[in-house]
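Pasted below: data_27.txt, compact mmCIF, N, CA and C atoms.
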```txt
# COMPACT_ATOMS: atom_id res chain seq x y z
N MET A 11 135.33 111.40 100.96
CA MET A 11 134.59 112.60 100.62
C MET A 11 134.20 113.30 101.92
N PRO A 12 134.45 114.56 102.03
CA PRO A 12 134.10 115.28 103.26
C PRO A 12 132.58 115.23 103.52
N ALA A 13 132.23 115.26 104.77
CA ALA A 13 130.83 115.15 105.16
C ALA A 13 129.98 116.28 104.57
N LEU A 14 130.52 117.48 104.49
CA LEU A 14 129.76 118.59 103.94
C LEU A 14 129.46 118.37 102.46
N ALA A 15 130.39 117.80 101.73
CA ALA A 15 130.16 117.52 100.31
C ALA A 15 129.07 116.46 100.13
N VAL A 16 129.06 115.46 100.99
CA VAL A 16 128.02 114.43 100.94
C VAL A 16 126.67 115.05 101.25
N LEU A 17 126.61 115.91 102.23
CA LEU A 17 125.36 116.59 102.58
C LEU A 17 124.88 117.45 101.43
N ALA A 18 125.77 118.18 100.80
CA ALA A 18 125.40 119.03 99.67
C ALA A 18 124.90 118.19 98.50
N LEU A 19 125.56 117.06 98.23
CA LEU A 19 125.13 116.18 97.14
C LEU A 19 123.74 115.61 97.43
N GLY A 20 123.51 115.22 98.66
CA GLY A 20 122.20 114.71 99.04
C GLY A 20 121.10 115.75 98.88
N ALA A 21 121.38 116.98 99.26
CA ALA A 21 120.41 118.06 99.11
C ALA A 21 120.13 118.33 97.63
N LEU A 22 121.17 118.26 96.80
CA LEU A 22 121.00 118.45 95.37
C LEU A 22 120.11 117.36 94.76
N VAL A 23 120.37 116.13 95.14
CA VAL A 23 119.58 115.01 94.60
C VAL A 23 118.13 115.12 95.03
N LEU A 24 117.88 115.40 96.30
CA LEU A 24 116.50 115.51 96.78
C LEU A 24 115.79 116.69 96.15
N GLY A 25 116.46 117.83 96.05
CA GLY A 25 115.85 119.01 95.45
C GLY A 25 115.53 118.79 93.99
N THR A 26 116.44 118.14 93.27
CA THR A 26 116.22 117.87 91.85
C THR A 26 115.05 116.92 91.65
N SER A 27 114.96 115.91 92.49
CA SER A 27 113.87 114.95 92.33
C SER A 27 112.52 115.58 92.60
N GLU A 28 112.45 116.52 93.51
CA GLU A 28 111.18 117.20 93.78
C GLU A 28 110.82 118.16 92.66
N LEU A 29 111.81 118.81 92.06
CA LEU A 29 111.52 119.76 90.98
C LEU A 29 111.24 119.07 89.65
N ALA A 30 111.73 117.85 89.47
CA ALA A 30 111.52 117.13 88.22
C ALA A 30 110.04 116.82 87.99
N VAL A 31 109.26 116.77 89.04
CA VAL A 31 107.84 116.44 88.92
C VAL A 31 107.09 117.52 88.13
N ALA A 32 107.56 118.76 88.19
CA ALA A 32 106.86 119.85 87.50
C ALA A 32 106.71 119.56 86.01
N GLY A 33 107.70 118.98 85.38
CA GLY A 33 107.61 118.64 83.97
C GLY A 33 106.67 117.48 83.68
N LEU A 34 106.38 116.71 84.70
CA LEU A 34 105.52 115.54 84.52
C LEU A 34 104.06 115.81 84.90
N LEU A 35 103.74 117.04 85.30
CA LEU A 35 102.38 117.33 85.75
C LEU A 35 101.30 117.00 84.73
N PRO A 36 101.48 117.32 83.46
CA PRO A 36 100.41 116.94 82.51
C PRO A 36 100.20 115.42 82.45
N ALA A 37 101.26 114.66 82.48
CA ALA A 37 101.13 113.20 82.44
C ALA A 37 100.50 112.67 83.73
N ILE A 38 100.90 113.24 84.86
CA ILE A 38 100.32 112.82 86.14
C ILE A 38 98.84 113.13 86.19
N SER A 39 98.47 114.33 85.76
CA SER A 39 97.05 114.71 85.80
C SER A 39 96.22 113.85 84.85
N ALA A 40 96.77 113.52 83.70
CA ALA A 40 96.04 112.66 82.77
C ALA A 40 95.89 111.25 83.33
N ASP A 41 96.93 110.75 83.97
CA ASP A 41 96.89 109.40 84.53
C ASP A 41 95.91 109.30 85.69
N LEU A 42 95.86 110.36 86.51
CA LEU A 42 94.94 110.36 87.66
C LEU A 42 93.55 110.87 87.30
N GLU A 43 93.40 111.33 86.05
CA GLU A 43 92.14 111.88 85.55
C GLU A 43 91.65 113.06 86.39
N VAL A 44 92.60 113.96 86.70
CA VAL A 44 92.28 115.20 87.40
C VAL A 44 92.89 116.35 86.60
N SER A 45 92.54 117.58 86.98
CA SER A 45 93.11 118.73 86.28
C SER A 45 94.59 118.88 86.64
N THR A 46 95.29 119.63 85.79
CA THR A 46 96.71 119.88 86.05
C THR A 46 96.89 120.65 87.36
N GLY A 47 95.96 121.55 87.64
CA GLY A 47 96.02 122.30 88.90
C GLY A 47 95.87 121.40 90.12
N ALA A 48 94.98 120.41 90.03
CA ALA A 48 94.80 119.48 91.15
C ALA A 48 96.05 118.62 91.34
N ALA A 49 96.65 118.21 90.24
CA ALA A 49 97.90 117.43 90.35
C ALA A 49 99.00 118.30 90.94
N GLY A 50 99.04 119.57 90.57
CA GLY A 50 100.01 120.50 91.14
C GLY A 50 99.80 120.70 92.63
N ALA A 51 98.55 120.74 93.05
CA ALA A 51 98.24 120.87 94.47
C ALA A 51 98.71 119.64 95.23
N LEU A 52 98.60 118.48 94.63
CA LEU A 52 99.07 117.25 95.25
C LEU A 52 100.58 117.28 95.45
N VAL A 53 101.28 117.75 94.44
CA VAL A 53 102.74 117.87 94.53
C VAL A 53 103.11 118.91 95.59
N SER A 54 102.37 120.01 95.65
CA SER A 54 102.63 121.03 96.67
C SER A 54 102.36 120.50 98.07
N ALA A 55 101.31 119.71 98.23
CA ALA A 55 101.02 119.12 99.54
C ALA A 55 102.15 118.20 99.98
N TYR A 56 102.69 117.44 99.05
CA TYR A 56 103.83 116.58 99.37
C TYR A 56 105.03 117.42 99.82
N ALA A 57 105.31 118.50 99.09
CA ALA A 57 106.46 119.35 99.43
C ALA A 57 106.29 119.99 100.81
N VAL A 58 105.08 120.44 101.12
CA VAL A 58 104.83 121.03 102.44
C VAL A 58 105.00 119.99 103.53
N ALA A 59 104.50 118.78 103.30
CA ALA A 59 104.65 117.71 104.29
C ALA A 59 106.12 117.38 104.53
N VAL A 60 106.91 117.34 103.47
CA VAL A 60 108.34 117.06 103.62
C VAL A 60 109.01 118.19 104.41
N ALA A 61 108.66 119.43 104.08
CA ALA A 61 109.27 120.58 104.75
C ALA A 61 108.92 120.64 106.23
N LEU A 62 107.70 120.27 106.57
CA LEU A 62 107.27 120.35 107.96
C LEU A 62 107.67 119.12 108.77
N LEU A 63 107.55 117.95 108.18
CA LEU A 63 107.80 116.72 108.95
C LEU A 63 109.26 116.30 108.96
N GLY A 64 110.04 116.75 108.00
CA GLY A 64 111.46 116.39 107.97
C GLY A 64 112.19 116.77 109.25
N PRO A 65 112.14 118.04 109.65
CA PRO A 65 112.81 118.43 110.90
C PRO A 65 112.21 117.75 112.14
N VAL A 66 110.89 117.55 112.13
CA VAL A 66 110.25 116.90 113.28
C VAL A 66 110.74 115.47 113.44
N LEU A 67 110.75 114.73 112.33
CA LEU A 67 111.22 113.34 112.40
C LEU A 67 112.70 113.26 112.72
N THR A 68 113.47 114.21 112.23
CA THR A 68 114.90 114.24 112.55
C THR A 68 115.09 114.44 114.05
N THR A 69 114.35 115.36 114.62
CA THR A 69 114.44 115.62 116.06
C THR A 69 113.98 114.41 116.86
N MET A 70 112.89 113.79 116.43
CA MET A 70 112.35 112.65 117.16
C MET A 70 113.28 111.44 117.13
N THR A 71 114.04 111.30 116.06
CA THR A 71 114.91 110.13 115.94
C THR A 71 116.37 110.43 116.23
N SER A 72 116.67 111.63 116.69
CA SER A 72 118.08 112.00 116.93
C SER A 72 118.71 111.21 118.08
N HIS A 73 117.92 110.69 118.97
CA HIS A 73 118.46 109.93 120.09
C HIS A 73 118.82 108.50 119.72
N LEU A 74 118.39 108.02 118.56
CA LEU A 74 118.66 106.66 118.14
C LEU A 74 120.12 106.51 117.72
N SER A 75 120.67 105.36 117.97
CA SER A 75 122.05 105.09 117.59
C SER A 75 122.17 105.02 116.08
N ARG A 76 123.21 105.59 115.54
CA ARG A 76 123.42 105.58 114.09
C ARG A 76 124.27 104.40 113.65
N ARG A 77 124.65 103.59 114.57
CA ARG A 77 125.44 102.39 114.28
C ARG A 77 124.58 101.16 114.50
N HIS A 78 124.85 100.16 113.72
CA HIS A 78 124.04 98.92 113.84
C HIS A 78 124.59 98.05 114.91
```
Using the file provided, produce a representation of the structure as C-alpha cells.
Amino acid sequence: MPALAVLALGALVLGTSELAVAGLLPAISADLEVSTGAAGALVSAYAVAVALLGPVLTTMTSHLSRRH
C-alpha cells in the first residue's frame, strides 16, 4: 500500500474517532454527572490539545530512529 494511502487512512480513522464522541455526549455527561455543555467542553479541550501538541511532539521526536 502506498505511503500516502496509509497516511490518508490513518487520518480518516483518527478524525472519525474524534467525531464519534459527539453522539455519545449525553451518555458521557450523565456518567460524569455534569451538563452536556461541560462534557462538550471537555471533548473540545482534548481536540485543542491534540491539535496543538501533535505537531510539537512530532518535531521533538523527529530525531529519534524509526527502526528498532
Practice prompt. Find the residue from A:Ala57, A:Pro12, A:Met70, A:Arg77 that sits nearest to Glu28 (chain A); use all atoms listed in the file when measuring.
Written response: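 Checking each candidate against Glu28 (chain A), we get A:Ala57 as the closest.
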Worksheet, complete the sentence: Computed gap from atom C of Ala18 (chain A) to CA of Gly64 (chain A) is 16.5 Å
Enclose region 59-73 of chain A, meaning all of its atoms listed in the file, in a box aligned along x, y and z, pad it by 8 Å on each side, and list the centre and edge lengths in Å to one decimal, as JSON.
```
{"center_x": 111.7, "center_y": 114.6, "center_z": 111.7, "size_x": 30.3, "size_y": 28.1, "size_z": 32.8}
```
Worksheet entry | In chain A, DSSP alpha helix (DSSP H) residues written as a PyMOL selection string | chain A and resi 13-29+31-42+46-70
Worksheet, complete the sentence: Expressed in Å, the length from atom C of Ser45 (chain A) to atom C of Ser27 (chain A) is 19.2 Å
Can you pull out every residue within 12 Å of Ile38 (chain A), counting only C-alpha atoms, but drop anything in the same chain fewer than 4 positions away, and send it as a PDB file with N, CA and C atoms, in the coordinates of the input?
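See around.pdb below for the written result:
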```
ATOM      1  N   VAL A  31     109.260 116.770  89.040  1.00  0.00           N
ATOM      2  CA  VAL A  31     107.840 116.440  88.920  1.00  0.00           C
ATOM      3  C   VAL A  31     107.090 117.520  88.130  1.00  0.00           C
ATOM      4  N   ALA A  32     107.560 118.760  88.190  1.00  0.00           N
ATOM      5  CA  ALA A  32     106.860 119.850  87.500  1.00  0.00           C
ATOM      6  C   ALA A  32     106.710 119.560  86.010  1.00  0.00           C
ATOM      7  N   GLY A  33     107.700 118.980  85.380  1.00  0.00           N
ATOM      8  CA  GLY A  33     107.610 118.640  83.970  1.00  0.00           C
ATOM      9  C   GLY A  33     106.670 117.480  83.680  1.00  0.00           C
ATOM     10  N   LEU A  34     106.380 116.710  84.700  1.00  0.00           N
ATOM     11  CA  LEU A  34     105.520 115.540  84.520  1.00  0.00           C
ATOM     12  C   LEU A  34     104.060 115.810  84.900  1.00  0.00           C
ATOM     13  N   LEU A  42      95.860 110.360  86.510  1.00  0.00           N
ATOM     14  CA  LEU A  42      94.940 110.360  87.660  1.00  0.00           C
ATOM     15  C   LEU A  42      93.550 110.870  87.300  1.00  0.00           C
ATOM     16  N   GLU A  43      93.400 111.330  86.050  1.00  0.00           N
ATOM     17  CA  GLU A  43      92.140 111.880  85.550  1.00  0.00           C
ATOM     18  C   GLU A  43      91.650 113.060  86.390  1.00  0.00           C
ATOM     19  N   VAL A  44      92.600 113.960  86.700  1.00  0.00           N
ATOM     20  CA  VAL A  44      92.280 115.200  87.400  1.00  0.00           C
ATOM     21  C   VAL A  44      92.890 116.350  86.600  1.00  0.00           C
ATOM     22  N   SER A  45      92.540 117.580  86.980  1.00  0.00           N
ATOM     23  CA  SER A  45      93.110 118.730  86.280  1.00  0.00           C
ATOM     24  C   SER A  45      94.590 118.880  86.640  1.00  0.00           C
ATOM     25  N   THR A  46      95.290 119.630  85.790  1.00  0.00           N
ATOM     26  CA  THR A  46      96.710 119.880  86.050  1.00  0.00           C
ATOM     27  C   THR A  46      96.890 120.650  87.360  1.00  0.00           C
ATOM     28  N   GLY A  47      95.960 121.550  87.640  1.00  0.00           N
ATOM     29  CA  GLY A  47      96.020 122.300  88.900  1.00  0.00           C
ATOM     30  C   GLY A  47      95.870 121.400  90.120  1.00  0.00           C
ATOM     31  N   ALA A  48      94.980 120.410  90.030  1.00  0.00           N
ATOM     32  CA  ALA A  48      94.800 119.480  91.150  1.00  0.00           C
ATOM     33  C   ALA A  48      96.050 118.620  91.340  1.00  0.00           C
ATOM     34  N   ALA A  49      96.650 118.210  90.240  1.00  0.00           N
ATOM     35  CA  ALA A  49      97.900 117.430  90.350  1.00  0.00           C
ATOM     36  C   ALA A  49      99.000 118.300  90.940  1.00  0.00           C
ATOM     37  N   GLY A  50      99.040 119.570  90.570  1.00  0.00           N
ATOM     38  CA  GLY A  50     100.010 120.500  91.140  1.00  0.00           C
ATOM     39  C   GLY A  50      99.800 120.700  92.630  1.00  0.00           C
ATOM     40  N   ALA A  51      98.550 120.740  93.050  1.00  0.00           N
ATOM     41  CA  ALA A  51      98.240 120.870  94.470  1.00  0.00           C
ATOM     42  C   ALA A  51      98.710 119.640  95.230  1.00  0.00           C
ATOM     43  N   LEU A  52      98.600 118.480  94.630  1.00  0.00           N
ATOM     44  CA  LEU A  52      99.070 117.250  95.250  1.00  0.00           C
ATOM     45  C   LEU A  52     100.580 117.280  95.450  1.00  0.00           C
ATOM     46  N   VAL A  53     101.280 117.750  94.440  1.00  0.00           N
ATOM     47  CA  VAL A  53     102.740 117.870  94.530  1.00  0.00           C
ATOM     48  C   VAL A  53     103.110 118.910  95.590  1.00  0.00           C
TER      49      VAL A  53
END
```
Worksheet entry | Å distance separating CA of Tyr56 (chain A) from CA of Leu29 (chain A), one decimal place |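 Taking CA of Tyr56 (chain A) as the start and CA of Leu29 (chain A) as the end point, the length is 11.8 Å.
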